[in-house]
file start.cif (mmCIF, C-alpha atoms and all ligand atoms)
data_start
loop_
_atom_site.label_atom_id
_atom_site.label_comp_id
_atom_site.auth_asym_id
_atom_site.auth_seq_id
_atom_site.Cartn_x
_atom_site.Cartn_y
_atom_site.Cartn_z
CA MET Q 1 112.93 95.13 158.07
CA SER Q 2 113.30 98.59 159.51
CA GLU Q 3 117.08 98.37 159.88
CA ASN Q 4 117.67 97.92 156.14
CA GLN Q 5 114.98 100.41 155.21
CA ARG Q 6 116.41 103.59 153.78
CA ILE Q 7 114.96 106.77 152.31
CA ILE Q 8 115.49 107.64 148.66
CA GLU Q 9 114.43 110.80 146.86
CA ILE Q 10 112.31 110.21 143.76
CA GLU Q 11 111.91 113.18 141.45
CA VAL Q 12 108.80 112.79 139.31
CA LEU Q 13 107.78 114.74 136.23
CA ARG Q 14 104.21 115.88 136.89
CA TYR Q 15 101.82 117.17 134.27
CA ASN Q 16 98.10 117.60 134.20
CA PRO Q 17 97.12 119.02 130.82
CA GLU Q 18 93.82 120.31 132.25
CA THR Q 19 95.43 122.59 134.83
CA ASP Q 20 99.16 122.92 134.12
CA LYS Q 21 100.73 125.12 131.46
CA GLU Q 22 103.79 122.89 131.36
CA PRO Q 23 105.25 119.86 133.14
CA SER Q 24 107.01 120.43 136.46
CA ARG Q 25 109.11 118.36 138.85
CA GLN Q 26 108.11 117.17 142.27
CA VAL Q 27 110.40 115.38 144.72
CA PHE Q 28 109.16 112.70 147.11
CA GLU Q 29 111.01 111.00 149.94
CA VAL Q 30 110.29 107.32 149.71
CA PRO Q 31 111.32 104.64 152.21
CA PHE Q 32 112.60 101.60 150.34
CA THR Q 33 114.11 98.17 150.78
CA ASP Q 34 116.65 96.43 148.59
CA ASP Q 35 114.06 94.43 146.72
CA MET Q 36 111.96 97.45 145.66
CA SER Q 37 111.69 98.43 142.01
CA VAL Q 38 111.25 101.99 140.77
CA LEU Q 39 107.65 100.99 139.99
CA GLN Q 40 107.13 100.06 143.64
CA GLY Q 41 108.63 103.44 144.53
CA VAL Q 42 106.04 105.34 142.49
CA GLN Q 43 103.32 103.02 143.81
CA TYR Q 44 104.39 104.02 147.33
CA ILE Q 45 104.03 107.66 146.33
CA LYS Q 46 100.52 107.06 145.00
CA ASP Q 47 99.44 105.01 148.03
CA TYR Q 48 100.92 107.15 150.81
CA LEU Q 49 102.08 110.55 149.55
CA ASP Q 50 100.04 111.80 146.59
CA GLY Q 51 97.12 109.80 145.23
CA SER Q 52 96.86 111.99 142.14
CA LEU Q 53 100.04 110.60 140.55
CA SER Q 54 99.26 108.69 137.34
CA PHE Q 55 101.28 105.91 135.73
CA ARG Q 56 100.70 102.61 133.91
CA TRP Q 57 101.63 99.16 135.08
CA SER Q 58 100.24 95.67 135.23
CA CYS Q 59 102.39 92.55 135.41
CA ARG Q 60 105.35 93.75 137.56
CA MET Q 61 107.50 91.15 135.81
CA ALA Q 62 108.67 92.68 132.52
CA ILE Q 63 106.05 90.96 130.42
CA CYS Q 64 103.16 93.34 129.80
CA GLY Q 65 105.24 96.27 128.60
CA SER Q 66 103.09 98.95 130.22
CA CYS Q 67 105.43 100.41 132.85
CA GLY Q 68 108.00 102.06 130.57
CA MET Q 69 109.42 105.35 131.87
CA MET Q 70 112.51 107.49 131.49
CA ILE Q 71 114.56 106.64 134.57
CA ASN Q 72 117.47 109.05 134.96
CA GLY Q 73 116.99 109.80 131.29
CA GLU Q 74 117.09 106.19 130.09
CA PRO Q 75 114.06 104.41 128.66
CA SER Q 76 113.47 101.56 131.11
CA LEU Q 77 110.80 99.20 132.40
CA SER Q 78 110.23 100.56 135.91
CA CYS Q 79 109.31 97.11 137.24
CA GLU Q 80 112.74 95.68 136.46
CA THR Q 81 114.77 98.71 137.50
CA PHE Q 82 115.73 98.82 141.18
CA LEU Q 83 115.88 101.76 143.56
CA ARG Q 84 118.95 100.30 145.29
CA ASP Q 85 120.98 100.88 142.14
CA TYR Q 86 120.46 104.65 142.43
CA TYR Q 87 120.68 105.15 146.19
CA PRO Q 88 121.97 107.36 147.80
CA ALA Q 89 121.51 109.63 144.78
CA ARG Q 90 118.10 110.89 143.76
CA VAL Q 91 116.32 108.99 141.01
CA ARG Q 92 114.53 110.94 138.29
CA VAL Q 93 111.39 109.51 136.72
CA GLU Q 94 109.70 110.97 133.63
CA ALA Q 95 107.18 109.98 130.99
CA LEU Q 96 108.66 108.16 127.96
CA ALA Q 97 110.42 110.61 125.68
CA HIS Q 98 109.07 111.58 122.23
CA PHE Q 99 105.42 110.87 123.10
CA PRO Q 100 102.71 113.35 124.05
CA ILE Q 101 101.96 113.21 127.79
CA GLU Q 102 98.43 112.23 128.74
CA LYS Q 103 99.01 112.83 132.45
CA ASP Q 104 102.16 112.60 134.59
CA LEU Q 105 103.93 109.38 133.53
CA VAL Q 106 101.18 108.21 131.18
CA ILE Q 107 101.85 108.83 127.51
CA ASN Q 108 99.48 108.90 124.59
CA MET Q 109 100.17 105.76 122.56
CA GLU Q 110 97.60 106.27 119.84
CA GLY Q 111 100.20 106.93 117.14
CA PHE Q 112 102.02 103.74 118.06
CA ILE Q 113 98.84 101.65 117.93
CA GLU Q 114 98.08 103.06 114.47
CA LYS Q 115 101.56 102.04 113.34
CA LEU Q 116 101.08 98.54 114.67
CA GLU Q 117 97.84 98.26 112.73
CA SER Q 118 99.36 99.67 109.56
CA ILE Q 119 101.91 96.86 109.24
CA GLN Q 120 99.16 94.22 109.07
CA PRO Q 121 100.46 92.22 112.04
CA TYR Q 122 98.92 88.89 111.11
CA ILE Q 123 99.68 86.10 108.68
CA ILE Q 124 98.43 86.76 105.17
CA PRO Q 125 98.49 83.29 103.61
CA LYS Q 126 99.07 82.72 99.92
CA GLU Q 127 96.07 80.43 99.81
CA GLU Q 128 93.55 80.04 102.58
CA ARG Q 129 93.54 76.48 103.86
CA THR Q 130 90.27 74.86 104.72
CA LEU Q 131 89.85 73.21 108.09
CA ALA Q 132 90.01 69.83 106.37
CA GLN Q 133 93.42 70.70 104.92
CA GLY Q 134 94.78 71.16 108.42
CA GLU Q 135 97.23 73.65 109.91
CA TYR Q 136 99.97 75.66 108.22
CA LEU Q 137 103.08 73.65 109.00
CA GLN Q 138 106.48 75.09 109.74
CA THR Q 139 109.88 73.56 110.53
CA PRO Q 140 111.83 74.52 113.67
CA ALA Q 141 114.37 76.28 111.45
CA GLN Q 142 111.64 78.36 109.81
CA LEU Q 143 110.36 79.29 113.26
CA ALA Q 144 113.85 80.21 114.45
CA SER Q 145 114.32 82.67 111.60
CA TYR Q 146 111.71 85.10 112.94
CA GLU Q 147 111.25 84.08 116.59
CA GLN Q 148 113.41 86.84 118.03
CA PHE Q 149 111.32 89.50 116.26
CA SER Q 150 108.13 88.09 117.70
CA SER Q 151 109.14 88.66 121.35
CA CYS Q 152 108.20 92.33 121.37
CA ILE Q 153 106.00 93.40 124.30
CA ASN Q 154 105.09 96.81 122.83
CA CYS Q 155 106.72 98.71 125.66
CA MET Q 156 107.79 101.53 123.31
CA LEU Q 157 111.16 101.94 125.01
CA CYS Q 158 112.75 101.76 121.57
CA TYR Q 159 110.66 104.73 120.39
CA ALA Q 160 111.72 106.74 123.42
CA ALA Q 161 115.31 105.80 122.53
CA CYS Q 162 115.08 106.65 118.83
CA PRO Q 163 116.30 110.17 117.98
CA GLN Q 164 114.81 109.91 114.49
CA PHE Q 165 111.35 109.14 115.85
CA GLY Q 166 111.89 112.14 118.15
CA LEU Q 167 112.52 114.33 115.11
CA ASN Q 168 109.79 112.85 112.93
CA ALA Q 169 106.85 111.13 114.61
CA GLU Q 170 105.68 109.84 111.23
CA PHE Q 171 108.62 107.41 111.10
CA ILE Q 172 107.22 103.90 111.40
CA GLY Q 173 109.91 103.21 114.00
CA PRO Q 174 111.76 100.25 115.51
CA ALA Q 175 109.12 98.00 117.13
CA ALA Q 176 106.60 98.24 114.29
CA MET Q 177 109.37 97.52 111.80
CA ALA Q 178 110.55 94.52 113.82
CA LEU Q 179 107.02 93.14 113.85
CA LEU Q 180 106.59 93.82 110.15
CA HIS Q 181 109.83 91.96 109.51
CA ARG Q 182 108.61 89.10 111.72
CA TYR Q 183 105.64 88.54 109.42
CA ASN Q 184 107.52 89.15 106.19
CA ILE Q 185 110.01 86.38 106.93
CA ASP Q 186 107.45 83.92 108.30
CA SER Q 187 107.32 80.95 105.90
CA ARG Q 188 103.51 80.85 106.18
CA ASP Q 189 103.07 84.46 105.12
CA ALA Q 190 102.67 85.90 101.64
CA GLY Q 191 101.93 89.53 102.51
CA LYS Q 192 105.45 90.88 101.98
CA ALA Q 193 104.66 92.84 98.83
CA GLU Q 194 101.87 94.73 100.62
CA ARG Q 195 104.01 95.49 103.62
CA MET Q 196 107.00 96.59 101.52
CA GLU Q 197 104.98 99.60 100.46
CA LEU Q 198 105.31 100.90 103.98
CA VAL Q 199 108.97 99.93 104.27
CA ASN Q 200 109.71 101.78 101.02
CA SER Q 201 107.66 104.86 101.83
CA GLU Q 202 108.81 108.20 103.17
CA GLU Q 203 107.68 107.05 106.62
CA GLY Q 204 109.73 103.87 106.15
CA VAL Q 205 113.15 102.50 107.00
CA PHE Q 206 115.27 105.25 105.50
CA ASN Q 207 114.44 107.58 108.38
CA CYS Q 208 116.81 105.42 110.40
CA THR Q 209 120.42 106.60 110.64
CA ALA Q 210 121.66 103.40 112.30
CA VAL Q 211 121.97 104.80 115.81
CA GLY Q 212 121.23 101.41 117.38
CA TYR Q 213 120.08 102.72 120.78
CA CYS Q 214 116.66 101.07 120.22
CA SER Q 215 118.24 97.62 120.41
CA GLU Q 216 120.26 98.59 123.46
CA VAL Q 217 117.22 99.56 125.54
CA CYS Q 218 114.97 96.71 124.36
CA PRO Q 219 114.16 94.55 127.41
CA LYS Q 220 113.32 91.53 125.23
CA HIS Q 221 116.37 91.45 122.94
CA VAL Q 222 114.20 91.85 119.90
CA ASP Q 223 117.01 93.83 118.21
CA PRO Q 224 114.69 96.10 116.23
CA ALA Q 225 117.68 97.92 114.70
CA ASN Q 226 118.60 94.69 112.97
CA ALA Q 227 115.10 94.40 111.47
CA VAL Q 228 115.22 98.02 110.29
CA ASN Q 229 118.62 97.63 108.69
CA GLN Q 230 117.81 94.35 106.97
CA ASN Q 231 114.85 96.13 105.47
CA LYS Q 232 116.99 98.97 104.15
CA THR Q 233 118.69 96.35 102.02
CA ASN Q 234 115.32 94.81 101.10
CA SER Q 235 113.93 98.20 100.21
CA ALA Q 236 116.95 99.20 98.13
CA ALA Q 237 116.73 95.90 96.25
CA ASP Q 238 113.04 96.50 95.71
CA TYR Q 239 113.75 100.02 94.50
CA PHE Q 240 116.28 99.02 91.86
CA LEU Q 241 114.94 95.62 90.88
CA ARG Q 242 111.34 96.68 90.36
CA PHE Q 243 112.31 97.72 86.86
CA LEU Q 244 113.45 94.20 86.11
CA THR Q 245 110.65 92.20 87.68
CA PRO Q 246 107.06 92.32 86.45
CA LYS Q 247 105.62 93.32 89.82
CA GLY Q 248 107.70 95.20 92.39
CA GLY Q 249 106.76 96.05 95.95
CA ALA Q 250 105.15 99.44 95.43
CA LYS Q 251 104.11 102.06 92.95
CA MET U 1 96.00 101.39 105.18
CA LYS U 2 94.52 104.84 105.38
CA LYS U 3 97.38 107.03 104.22
CA THR U 4 98.57 107.01 100.68
CA LEU U 5 102.20 106.14 100.83
CA LYS U 6 104.80 107.87 98.76
CA ARG U 7 107.82 105.83 97.77
CA SER U 8 110.99 107.30 99.17
CA ASN U 9 113.90 108.08 96.85
CA ALA U 10 116.33 107.42 99.66
CA PRO U 11 117.63 104.10 98.23
CA ILE U 12 119.62 105.96 95.55
CA PHE U 13 121.46 108.10 98.08
CA TRP U 14 121.64 105.28 100.58
CA ALA U 15 123.21 102.94 98.03
CA LEU U 16 125.81 105.57 97.05
CA PHE U 17 126.39 106.32 100.74
CA GLY U 18 126.79 102.63 101.51
CA ALA U 19 129.17 102.02 98.63
CA GLY U 20 131.24 105.06 99.60
CA GLY U 21 131.26 104.01 103.23
CA MET U 22 132.46 100.53 102.38
CA LEU U 23 135.16 101.88 100.09
CA SER U 24 136.36 104.53 102.51
CA ALA U 25 136.50 102.03 105.37
CA LEU U 26 138.47 99.55 103.28
CA LEU U 27 140.76 101.91 101.39
CA GLY U 28 140.66 105.27 103.19
CA PRO U 29 143.29 104.55 105.85
CA ILE U 30 145.75 102.92 103.47
CA LEU U 31 145.36 105.80 100.99
CA VAL U 32 146.07 108.31 103.75
CA PHE U 33 149.09 106.25 104.72
CA ILE U 34 150.44 106.02 101.16
CA THR U 35 149.76 109.58 100.03
CA GLY U 36 150.25 111.33 103.37
CA LEU U 37 153.05 109.39 105.04
CA ALA U 38 154.74 106.65 103.07
CA VAL U 39 155.51 108.60 99.90
CA PRO U 40 156.30 112.08 101.31
CA LEU U 41 158.47 110.63 104.09
CA GLY U 42 160.12 108.11 101.80
CA MET U 43 158.97 105.13 103.87
CA LEU U 44 158.62 101.68 102.27
CA LEU U 45 157.81 103.02 98.81
CA PRO U 46 160.25 104.50 96.26
CA ALA U 47 160.34 108.29 96.30
CA ASP U 48 159.01 108.70 92.76
CA THR U 49 155.93 106.50 93.33
CA MET U 50 153.68 109.49 93.00
CA SER U 51 155.70 111.48 90.51
CA TYR U 52 153.71 113.36 87.87
CA ALA U 53 154.68 110.90 85.15
CA ASN U 54 153.68 107.88 87.20
CA MET U 55 150.38 109.37 88.25
CA LEU U 56 149.54 110.45 84.72
CA THR U 57 150.17 106.94 83.41
CA PHE U 58 148.00 105.59 86.22
CA ALA U 59 145.19 108.02 85.40
CA GLN U 60 145.39 107.21 81.70
CA ASN U 61 145.01 103.52 82.31
CA ILE U 62 141.39 102.41 82.13
CA ILE U 63 141.53 100.57 85.47
CA GLY U 64 143.34 103.49 87.07
CA LYS U 65 140.64 105.83 85.78
CA GLY U 66 137.94 103.62 87.26
CA PHE U 67 139.74 103.51 90.58
CA ILE U 68 140.22 107.28 90.80
CA PHE U 69 136.65 107.92 89.73
CA ALA U 70 135.17 105.51 92.28
CA ILE U 71 137.33 106.84 95.10
CA ILE U 72 136.58 110.52 94.52
CA SER U 73 132.95 110.22 93.56
CA LEU U 74 131.79 107.66 96.12
CA PHE U 75 133.72 109.34 98.94
CA LEU U 76 131.91 112.57 98.03
CA TRP U 77 128.47 110.91 98.03
CA HIS U 78 129.25 109.29 101.33
CA ALA U 79 130.34 112.55 102.91
CA ALA U 80 127.38 114.49 101.50
CA HIS U 81 124.88 112.01 102.92
CA ARG U 82 126.63 111.83 106.28
CA ILE U 83 126.82 115.61 106.72
CA PHE U 84 123.23 116.10 105.53
CA HIS U 85 121.91 113.60 108.08
CA SER U 86 124.14 114.87 110.87
CA LEU U 87 122.72 118.35 110.37
CA HIS U 88 119.24 116.88 110.73
CA ASP U 89 120.37 115.11 113.90
CA VAL U 90 121.60 118.28 115.53
CA GLY U 91 118.33 120.00 114.73
CA ILE U 92 119.12 121.84 111.50
CA HIS U 93 116.41 120.78 109.09
CA ALA U 94 117.55 122.70 106.10
CA GLY U 95 115.47 120.42 103.90
CA ILE U 96 115.56 120.84 100.18
CA VAL U 97 118.23 123.57 100.25
CA ALA U 98 120.69 121.45 102.20
CA LYS U 99 119.85 118.49 99.98
CA LEU U 100 120.69 120.54 96.90
CA ILE U 101 123.92 121.83 98.40
CA PHE U 102 125.26 118.48 99.61
CA TYR U 103 124.01 116.06 97.00
CA GLY U 104 124.45 118.75 94.34
CA GLY U 105 128.04 119.20 95.53
CA ALA U 106 128.68 115.47 95.25
CA MET U 107 127.11 115.47 91.81
CA VAL U 108 129.27 118.38 90.63
CA GLY U 109 132.35 116.68 92.07
CA THR U 110 131.44 113.48 90.26
CA LEU U 111 130.98 115.27 86.95
CA ILE U 112 134.23 117.23 87.26
CA THR U 113 136.07 114.01 88.07
CA ALA U 114 134.55 112.22 85.11
CA TYR U 115 135.30 115.13 82.79
CA THR U 116 138.89 115.48 83.96
CA LEU U 117 139.57 111.76 83.72
CA LEU U 118 138.24 111.72 80.16
CA ALA U 119 140.06 114.95 79.24
CA ILE U 120 143.53 113.60 80.09
CA GLY U 121 143.00 110.89 77.54
CA PHE U 122 143.91 107.23 77.43
S1 LIG M 301 111.15 96.15 120.21
FE1 LIG M 301 111.81 95.90 122.37
S2 LIG M 301 111.92 98.04 123.15
FE2 LIG M 301 110.70 98.10 121.27
S3 LIG M 301 108.58 97.93 121.95
FE3 LIG M 301 109.28 95.83 121.46
S4 LIG M 301 110.05 95.01 123.39
FE4 LIG M 301 109.87 97.23 123.68
S1 LIG M 302 104.60 96.19 134.82
FE1 LIG M 302 104.48 94.84 133.12
S2 LIG M 302 106.39 95.21 132.12
FE2 LIG M 302 106.57 96.36 133.95
#
call {"tool": "encode", "arguments": {"input": "start.cif", "output": "structure tokens"}}
result
Amino acid sequence: MSENQRIIEIEVLRYNPETDKEPSRQVFEVPFTDDMSVLQGVQYIKDYLDGSLSFRWSCRMAICGSCGMMINGEPSLSCETFLRDYYPARVRVEALAHFPIEKDLVINMEGFIEKLESIQPYIIPKEERTLAQGEYLQTPAQLASYEQFSSCINCMLCYAACPQFGLNAEFIGPAAMALLHRYNIDSRDAGKAERMELVNSEEGVFNCTAVGYCSEVCPKHVDPANAVNQNKTNSAADYFLRFLTPKGGAK
Amino acid sequence: MKKTLKRSNAPIFWALFGAGGMLSALLGPILVFITGLAVPLGMLLPADTMSYANMLTFAQNIIGKGFIFAIISLFLWHAAHRIFHSLHDVGIHAGIVAKLIFYGGAMVGTLITAYTLLAIGF
């Protein structure tokens, strides 16, 4: 193992809000092998070089969505980004952009959680079915229409990628909009009118200027930009047609 | 939902922006070619294609009027929206003032176009 073990420099953005006035950079020299991810690199730092370094992780296999970081300026899952792809250059690791830093690489995700709650991420049936009536059935085609939008792992990479969220943290943003869309187009759901209020609002879809970077960085190919842009059309239709239909989406 | 949500008026500007974008993508290049290259350089089209008499007849025709109006007005709305949002992107949040200048500009342009097209008669 030692012959293919090399040393890479990892530059980490450090910040402890209790003691530091502002974030600063610290460089560590980390021995690595070809199969080591950036996450394993920062784990090495914590285990052997500086135990005070904070970061989030869990699954190590791009499923839990907790290890998102800016790696050389790009929002990435650190468990599926490899040190070998940066060597011999230095790799720069920072907390996800556009979020307040809790400590080092850990961001405060409270705002995001509130957004997830606000879209009512559950099926709102037209009529409750009793147990005796059985399950809510759905055809494979009906499933296929929203499946892609249900693969989100809440990693928030798309928020770190979105310049409009960076300018206005109130913007509901890509992942929450993709999830909202997922429920709105689910054949078993009847909550669209309620959710459209959010889509139509000043925090809604029209903050998006169709940059598309959110979909590029998404590790699960959710394509949140697609959900946002489909809902611009939905929202515009709702805006103009509400005068024609008895009950439109919002006030 | 805790916050009271205010409906955004963006769909109006977005729809005008979208219509203008579609039109400029479809017709912009060919218009530049016709008015900027083909006619002045005498390529493909007869030299008097855009003579005053021809253009006046075109602008007095009801379909011609509609075409000219849509091109000028929607292009203006498209440009106004694009510039307004680009300013926001580069960090200039001029807010209501910029909104008035750009959308107001497009509105004035639209009105002048409409007035002129009506003034030259049918
Ligand atoms: S949409 Fe993609 S990038 Fe955004 S939070 Fe979900 S999985 Fe992550
Ligand atoms: S550790 Fe779970 S996605 Fe990276």
call {"tool": "closest_residue", "arguments": {"input": "start.cif", "among": "Q:Glu9, Q:Glu203, Q:Glu74, Q:Asp223", "to": "Ile119 of chain Q", "atoms": "only C-alpha atoms"}}
result
Q:Glu203
call {"tool": "atom_distance", "arguments": {"input": "start.cif", "atom1": "atom CA of Met177 of chain Q", "atom2": "atom CA of Ile101 of chain Q"}}
result
23.6 Å
call {"tool": "residues_around", "arguments": {"input": "start.cif", "residues": "Ile120 of chain U", "least_positions_apart": "6", "cutoff": "10 Å", "atoms": "only C-alpha atoms", "output": "list of chain:residue names"}}
result
U:Leu56, U:Thr57, U:Ala59, U:Gln60
call {"tool": "axis_aligned_box", "arguments": {"input": "start.cif", "around": "segment 59-68 of chain Q", "padding_each_side": "5 Å", "output": "lines of an AutoDock Vina configuration file"}}
result
center_x = 105.5
center_y = 96.5
center_z = 133.1
size_x = 16.3
size_y = 21.1
size_z = 19.0
call {"tool": "interface_residues", "arguments": {"input": "start.cif", "of": "chain Q", "to": "chain U", "cutoff": "12 Å", "atoms": "all atoms listed in the file", "output": "JSON, numbers by chain"}}
result
{"Q": [114, 115, 116, 117, 118, 119, 120, 162, 163, 164, 165, 166, 167, 168, 170, 172, 194, 195, 196, 197, 198, 199, 200, 201, 202, 203, 204, 205, 206, 207, 208, 209, 210, 211, 229, 231, 232, 233, 234, 235, 236, 237, 238, 239, 240, 241, 248, 249, 250, 251]}
call {"tool": "residues_around", "arguments": {"input": "start.cif", "residues": "Ile83 of chain U", "least_positions_apart": "2", "cutoff": "12 Å", "atoms": "all atoms listed in the file", "output": "list in words"}}
result
Thr209 of chain Q; Phe17, Leu76, Trp77, His78, Ala79, Ala80, His81, His85, Ser86, Leu87, His88, Asp89, Val90, Ile92, His93, Ala94, Ala98, Lys99, Ile101, Phe102, Tyr103, Gly105 and Ala106 of chain U
call {"tool": "write_last_selection", "arguments": {"input": "start.cif", "atoms": "C-alpha atoms", "output": "mmCIF file, keeping the file's coordinate frame"}}
result
data_model
loop_
_atom_site.group_PDB
_atom_site.id
_atom_site.type_symbol
_atom_site.label_atom_id
_atom_site.label_comp_id
_atom_site.auth_asym_id
_atom_site.auth_seq_id
_atom_site.Cartn_x
_atom_site.Cartn_y
_atom_site.Cartn_z
ATOM 1 C CA THR Q 209 120.420 106.600 110.640
ATOM 2 C CA PHE U 17 126.390 106.320 100.740
ATOM 3 C CA LEU U 76 131.910 112.570 98.030
ATOM 4 C CA TRP U 77 128.470 110.910 98.030
ATOM 5 C CA HIS U 78 129.250 109.290 101.330
ATOM 6 C CA ALA U 79 130.340 112.550 102.910
ATOM 7 C CA ALA U 80 127.380 114.490 101.500
ATOM 8 C CA HIS U 81 124.880 112.010 102.920
ATOM 9 C CA HIS U 85 121.910 113.600 108.080
ATOM 10 C CA SER U 86 124.140 114.870 110.870
ATOM 11 C CA LEU U 87 122.720 118.350 110.370
ATOM 12 C CA HIS U 88 119.240 116.880 110.730
ATOM 13 C CA ASP U 89 120.370 115.110 113.900
ATOM 14 C CA VAL U 90 121.600 118.280 115.530
ATOM 15 C CA ILE U 92 119.120 121.840 111.500
ATOM 16 C CA HIS U 93 116.410 120.780 109.090
ATOM 17 C CA ALA U 94 117.550 122.700 106.100
ATOM 18 C CA ALA U 98 120.690 121.450 102.200
ATOM 19 C CA LYS U 99 119.850 118.490 99.980
ATOM 20 C CA ILE U 101 123.920 121.830 98.400
ATOM 21 C CA PHE U 102 125.260 118.480 99.610
ATOM 22 C CA TYR U 103 124.010 116.060 97.000
ATOM 23 C CA GLY U 105 128.040 119.200 95.530
ATOM 24 C CA ALA U 106 128.680 115.470 95.250
#
call {"tool": "residues_near_ligand", "arguments": {"input": "start.cif", "ligand": "ligand LIG 301 (chain M)", "cutoff": "7 Å", "atoms": "only C-alpha atoms and all ligand atoms", "output": "count of residues only"}}
result
23
call {"tool": "atom_distance", "arguments": {"input": "start.cif", "atom1": "atom CA of Arg188 of chain Q", "atom2": "atom CA of Ala132 of chain Q"}}
result
17.4 Å
call {"tool": "residues_around", "arguments": {"input": "start.cif", "residues": "Leu23 of chain U", "least_positions_apart": "5", "cutoff": "12 Å", "atoms": "all atoms listed in the file", "output": "list of chain:residue names"}}
result
U:Leu16, U:Phe17, U:Gly18, U:Gly28, U:Pro29, U:Ile30, U:Leu31, U:Phe67, U:Ile68, U:Ala70, U:Ile71, U:Ile72, U:Ser73, U:Leu74, U:Phe75, U:Leu76, U:Trp77, U:His78
call {"tool": "atom_distance", "arguments": {"input": "start.cif", "atom1": "atom CA of Thr113 of chain U", "atom2": "atom CA of Phe69 of chain U"}}
result
6.3 Å
call {"tool": "residues_near_ligand", "arguments": {"input": "start.cif", "ligand": "ligand LIG 302 (chain M)", "cutoff": "9 Å", "atoms": "all atoms listed in the file", "output": "list of chain:residue names"}}
result
Q:Leu39, Q:Arg56, Q:Trp57, Q:Ser58, Q:Cys59, Q:Arg60, Q:Met61, Q:Ala62, Q:Ile63, Q:Cys64, Q:Gly65, Q:Ser66, Q:Cys67, Q:Gly68, Q:Leu77, Q:Ser78, Q:Cys79, Q:Glu80, Q:Ile153, Q:Cys155
call {"tool": "residues_around", "arguments": {"input": "start.cif", "residues": "Tyr44 of chain Q", "least_positions_apart": "3", "cutoff": "10 Å", "atoms": "only C-alpha atoms", "output": "list in words"}}
result
Phe28, Glu29, Val30, Pro31, Phe32, Val38, Leu39, Gln40, Gly41, Asp47, Tyr48, Leu49, Asp50 and Gly51 of chain Q
